[in-house]
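*Asks:* Have a peek at model_1.cif (mmCIF, C-alpha atoms).
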```cif
data_start
#
loop_
_atom_site.label_atom_id
_atom_site.label_comp_id
_atom_site.auth_asym_id
_atom_site.auth_seq_id
_atom_site.Cartn_x
_atom_site.Cartn_y
_atom_site.Cartn_z
CA MET A 22 154.76 -11.93 340.15
CA THR A 23 153.27 -15.15 338.73
CA SER A 24 154.57 -17.40 335.97
CA THR A 25 152.04 -17.09 333.19
CA THR A 26 151.58 -18.31 329.63
CA ALA A 27 149.60 -16.30 327.09
CA GLN A 28 148.37 -17.43 323.69
CA VAL A 29 148.26 -14.36 321.45
CA SER A 30 146.67 -13.95 318.01
CA LEU A 31 146.81 -10.82 315.85
CA TYR A 32 144.46 -9.83 313.03
CA PRO A 33 145.52 -6.68 311.12
CA LEU A 34 142.45 -5.15 309.44
CA ARG A 35 142.27 -3.36 306.09
CA GLN A 36 146.05 -3.43 305.64
CA ALA A 37 147.82 -4.26 302.38
CA SER A 38 150.32 -6.48 304.20
CA LEU A 39 149.48 -8.70 307.15
CA SER A 40 153.07 -9.75 307.75
CA ARG A 41 154.41 -6.30 308.66
CA ALA A 42 152.22 -5.93 311.77
CA ILE A 43 152.80 -9.54 312.83
CA ASP A 44 156.57 -9.35 312.31
CA GLU A 45 156.82 -6.11 314.29
CA ALA A 46 154.70 -7.59 317.08
CA VAL A 47 157.08 -10.56 317.39
CA GLN A 48 160.07 -8.21 317.44
CA ILE A 49 158.55 -6.20 320.30
CA LEU A 50 157.73 -9.32 322.32
CA GLN A 51 161.24 -10.67 321.77
CA SER A 52 162.71 -7.47 323.21
CA TYR A 53 161.25 -8.42 326.64
CA ASP A 54 162.60 -11.11 328.97
CA LEU A 55 160.06 -13.70 327.87
CA ASN A 56 159.94 -17.12 326.22
CA ILE A 57 158.42 -16.76 322.75
CA GLU A 58 157.08 -19.61 320.60
CA PRO A 59 155.73 -18.23 317.27
CA GLY A 60 153.17 -20.42 315.47
CA THR A 61 151.21 -20.33 312.22
CA MET A 62 147.97 -19.27 313.93
CA SER A 63 149.10 -17.79 317.25
CA THR A 64 152.15 -17.15 319.42
CA LEU A 65 152.84 -18.49 322.92
CA VAL A 66 154.40 -16.02 325.33
CA ALA A 67 155.60 -17.21 328.76
CA GLY A 68 157.17 -15.49 331.75
CA ASP A 69 156.28 -13.23 334.66
CA ASP A 70 152.75 -11.90 334.34
CA VAL A 71 153.79 -8.27 334.94
CA VAL A 72 156.27 -8.48 332.07
CA ILE A 73 153.76 -10.21 329.78
CA PHE A 74 151.06 -7.58 330.33
CA ALA A 75 153.58 -4.77 329.77
CA ALA A 76 154.84 -6.43 326.57
CA LEU A 77 151.34 -6.98 325.20
CA GLN A 78 150.31 -3.41 326.01
CA ASP A 79 153.43 -2.08 324.27
CA THR A 80 152.72 -4.33 321.27
CA PHE A 81 149.07 -3.27 320.97
CA HIS A 82 149.89 0.44 321.23
CA HIS A 83 152.54 0.12 318.52
CA LEU A 84 150.31 -1.86 316.16
CA SER A 85 147.49 0.66 316.66
CA GLU A 86 149.77 3.29 315.15
CA LEU A 87 150.13 1.14 312.00
CA GLY A 88 146.37 0.73 311.46
CA ASP A 89 143.34 -1.18 312.67
CA VAL A 90 144.14 -4.40 314.46
CA VAL A 91 142.48 -7.04 316.64
CA MET A 92 144.53 -8.71 319.37
CA VAL A 93 143.15 -11.81 321.11
CA ALA A 94 144.93 -13.22 324.18
CA ALA A 95 144.19 -16.12 326.52
CA PHE A 96 146.10 -16.43 329.80
CA SER A 97 146.89 -19.41 332.03
CA ASN A 98 149.01 -20.13 335.10
CA ALA A 99 148.87 -23.88 334.42
CA CYS A 100 150.19 -24.27 330.87
CA PRO A 101 153.64 -25.71 330.15
CA ILE A 102 156.15 -22.96 329.51
CA PRO A 103 157.65 -23.25 326.01
CA ALA A 104 161.41 -23.71 325.89
CA ARG A 105 163.39 -20.62 325.02
CA ARG A 106 164.64 -20.86 321.45
CA GLU A 107 168.35 -20.63 320.82
CA LYS A 108 167.73 -18.46 317.80
CA SER A 109 164.72 -16.88 316.15
CA ILE A 110 164.63 -15.66 312.58
CA THR A 111 162.70 -12.54 311.67
CA TYR A 112 162.53 -10.88 308.25
CA THR A 113 161.43 -7.35 307.48
CA ALA A 114 159.90 -6.72 304.06
CA ILE A 115 161.95 -4.46 301.79
CA GLY A 116 158.95 -3.57 299.61
CA HIS A 117 155.71 -4.91 298.20
CA VAL A 118 154.14 -6.07 294.95
CA GLU A 119 151.69 -3.97 292.94
CA ASN A 120 149.60 -5.53 290.17
CA GLU A 121 146.01 -6.22 289.11
CA PHE A 122 145.63 -9.44 291.10
CA ASP A 123 144.01 -8.86 294.49
CA GLU A 124 143.24 -12.57 294.90
CA PRO A 125 145.22 -15.73 294.02
CA ALA A 126 144.93 -16.69 290.35
CA ALA A 127 146.47 -19.20 287.95
CA PRO A 128 150.27 -18.81 288.23
CA ASP A 129 150.69 -18.65 284.44
CA LYS A 130 148.21 -15.77 284.25
CA ILE A 131 149.96 -13.81 286.98
CA ARG A 132 153.42 -14.41 285.51
CA SER A 133 152.36 -13.20 282.05
CA ALA A 134 151.21 -9.83 283.43
CA GLU A 135 153.45 -6.91 284.32
CA SER A 136 154.00 -6.23 288.02
CA ARG A 137 155.66 -3.46 289.97
CA ILE A 138 157.91 -3.93 292.97
CA ALA A 139 157.72 -0.82 295.14
CA LEU A 140 160.93 -0.86 297.18
CA ASP A 141 161.31 1.00 300.47
CA PRO A 142 162.67 4.38 299.25
CA THR A 143 165.46 4.24 301.85
CA LEU A 144 166.80 1.13 300.08
CA ALA A 145 166.69 2.50 296.52
CA GLU A 146 170.46 3.03 296.39
CA GLY A 147 170.81 -0.74 296.65
CA LEU A 148 169.42 -1.05 293.11
CA LYS A 149 172.61 0.44 291.62
CA GLY A 150 174.06 -2.04 289.12
CA LEU A 151 170.77 -3.61 288.10
CA GLU A 152 169.87 -2.92 284.46
CA PRO A 153 166.69 -3.42 282.40
CA GLY A 154 166.91 -6.69 280.49
CA GLN A 155 168.44 -8.59 283.41
CA LYS A 156 166.95 -11.63 285.06
CA VAL A 157 166.30 -11.01 288.76
CA LEU A 158 165.35 -13.40 291.56
CA VAL A 159 162.56 -12.04 293.75
CA LEU A 160 162.07 -13.62 297.18
CA PHE A 161 158.72 -12.91 298.78
CA ASP A 162 156.38 -13.96 301.58
CA PHE A 163 153.25 -16.00 300.81
CA HIS A 164 151.37 -13.79 303.28
CA LEU A 165 147.98 -15.45 302.70
CA ALA A 166 149.24 -19.04 303.15
CA ARG A 167 148.13 -20.91 306.26
CA GLY A 168 149.56 -24.32 307.20
CA PHE A 169 150.91 -27.03 304.92
CA ASN A 170 150.90 -30.76 304.11
CA LEU A 171 154.07 -32.63 303.23
CA LEU A 172 152.20 -34.31 300.34
CA GLN A 173 150.01 -32.14 298.10
CA HIS A 174 148.24 -32.38 294.76
CA PRO A 175 150.06 -30.12 292.25
CA ARG A 176 148.12 -26.84 292.01
CA GLY A 177 145.37 -28.44 294.08
CA ASP A 178 144.35 -30.69 291.17
CA GLU A 179 143.17 -33.92 292.82
CA SER A 180 143.37 -35.77 289.51
CA ARG A 181 147.16 -35.52 289.75
CA SER A 182 149.18 -37.68 292.11
CA ARG A 183 150.35 -36.05 295.31
CA ARG A 184 153.96 -34.94 295.48
CA GLY A 185 156.24 -33.76 298.26
CA VAL A 186 155.99 -30.09 299.13
CA PHE A 187 159.67 -29.59 298.29
CA ALA A 188 158.97 -30.80 294.74
CA LEU A 189 156.25 -28.16 294.29
CA ARG A 190 155.94 -24.38 294.07
CA SER A 191 152.94 -24.48 296.43
CA PRO A 192 152.57 -21.48 298.77
CA ASN A 193 151.60 -23.87 301.58
CA ARG A 194 155.01 -24.94 302.86
CA PRO A 195 156.96 -25.09 306.16
CA ASN A 196 158.34 -21.61 305.56
CA ALA A 197 155.99 -19.63 303.33
CA ILE A 198 158.75 -18.16 301.17
CA GLY A 199 158.29 -17.83 297.42
CA VAL A 200 160.80 -17.12 294.69
CA SER A 201 160.34 -16.05 291.07
CA GLU A 202 162.86 -15.39 288.32
CA VAL A 203 161.61 -12.26 286.57
CA ASP A 204 162.53 -10.11 283.59
CA LEU A 205 163.48 -6.61 284.71
CA LEU A 206 161.69 -4.22 282.34
CA ALA A 207 162.55 -0.88 283.89
CA ILE A 208 163.67 0.87 287.06
CA GLU A 209 161.81 4.05 287.96
CA GLY A 210 163.29 5.47 291.15
CA ASN A 211 162.48 2.94 293.86
CA VAL A 212 160.05 0.99 291.64
CA LEU A 213 160.97 -1.99 289.46
CA ARG A 214 158.71 -2.99 286.57
CA VAL A 215 158.96 -6.73 286.02
CA ARG A 216 157.33 -9.62 284.20
CA GLY A 217 157.25 -13.23 285.39
CA LEU A 218 156.47 -12.57 289.04
CA ASP A 219 154.20 -15.18 290.65
CA ALA A 220 152.85 -12.96 293.45
CA ILE A 221 149.64 -11.00 293.96
CA HIS A 222 149.05 -7.37 294.88
CA GLY A 223 150.28 -6.48 298.36
CA THR A 224 152.71 -9.40 298.65
CA PRO A 225 155.67 -8.48 300.91
CA VAL A 226 159.03 -8.67 299.09
CA LEU A 227 161.93 -10.02 301.17
CA ASP A 228 164.93 -9.74 298.84
CA LEU A 229 166.19 -9.17 295.30
CA LYS A 230 169.16 -10.92 293.71
CA PRO A 231 170.57 -11.09 290.17
CA ALA A 232 169.74 -14.47 288.62
#
```
Can you turn what I pasted into structure tokens?

*Replies:*
Amino acid sequence: MTSTTAQVSLYPLRQASLSRAIDEAVQILQSYDLNIEPGTMSTLVAGDDVVIFAALQDTFHHLSELGDVVMVAAFSNACPIPARREKSITYTAIGHVENEFDEPAAPDKIRSAESRIALDPTLAEGLKGLEPGQKVLVLFDFHLARGFNLLQHPRGDESRSRRGVFALRSPNRPNAIGVSEVDLLAIEGNVLRVRGLDAIHGTPVLDLKPA
């Protein structure tokens, strides 16, 4: 066996959520005895070459069952091996957003429209106690965001002075997590009808909390 480092990139095709396939891929890789260094554009995987090839084959076969996917991998026996992380954090979406916005739009326009949160049916019992008329916090993944700058123009308007990312609601941030306080209009089985959500169609939902 040879110590090897692989740089792996995944591109789910024609799927409503990109994060599901990528999150599941990372989980599979982490189940093997390998050093894993996730990144915004690709993931570094280091260890014995036999284990790496087995892990990547397992990952590709699993992702193929979810839908169309492209996996790109580059291998080297001369790259520095990334340090093993003490702890990795992985989230699994509990549902997704459904609305008329397939592409990013003005936040005010999106928030004024009604959206639906389709929860995983196996989690529907967790909605007990929520009532229409409540304010609910929705945490979600900015699944289309790529990279970030610590200083950004608010809403991309270069006529406005740049501010720190933590003073903005920009989707381009160190951890691409969004949060909206919404009005709960109705609960229909595992579906919540809400208004005030700043997320487009297909956005993975991470959590719900009473405001």

*Asks:* Please measure the separation of CA of Leu140 in chain A and CA of Ser30 in chain A, giving the value in Å to one decimal.

*Replies:*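 Taking CA of Leu140 in chain A and CA of Ser30 in chain A, their separation equals 28.4 Å.
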
*Asks:* The PyMOL selection byres ((chain A and resi 225-228) around 12) on the file shown: which residues, as a ChimeraX atom specification?

*Replies:* /A:36-42,44,111-119,137-141,144,147-148,157-165,197-201,213,218-224,229-231

*Asks:* For the provided coordinates, the residues matched by the PyMOL selection byres ((chain A and resi 152) around 8) should be stated as a list in words.

*Replies:*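 Output of the PyMOL selection byres ((chain A and resi 152) around 8): Gly150, Leu151, Pro153, Gly154, Gln155, Leu205, Ala207 and Ile208 of chain A.
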
*Asks:* If I take CA of Ala99 in chain A and CA of Thr23 in chain A, how far is one from the other in Å, to one decimal?

*Replies:*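 These atoms are spaced 10.7 Å apart.
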
*Asks:* Once the PyMOL selection byres ((chain A and resi 88) around 10) is applied to the coordinates I shared, what remains selected? I want it as a list of chain:residue names.

*Replies:*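 Those residues are A:Pro33, A:Leu34, A:Arg35, A:Gln36, A:Ala42, A:His83, A:Leu84, A:Ser85, A:Glu86, A:Leu87, A:Asp89, A:Val90.
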
*Asks:* In Å, rounded to a single decimal, give me how far CA of Glu121 in chain A is from CA of Leu206 in chain A.

*Replies:*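 Atom-to-atom, CA of Leu206 in chain A to CA of Glu121 in chain A, that is 17.2 Å.
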
*Asks:* With all atoms listed in the file as the counted atoms, please give the residues lying no more than 8 Å from Phe169 in chain A, apart from itself and same-chain residues fewer than 6 positions off, as a list in words.

*Replies:*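 Result of the neighbour search: Asn193, Arg194 and Pro195 of chain A.
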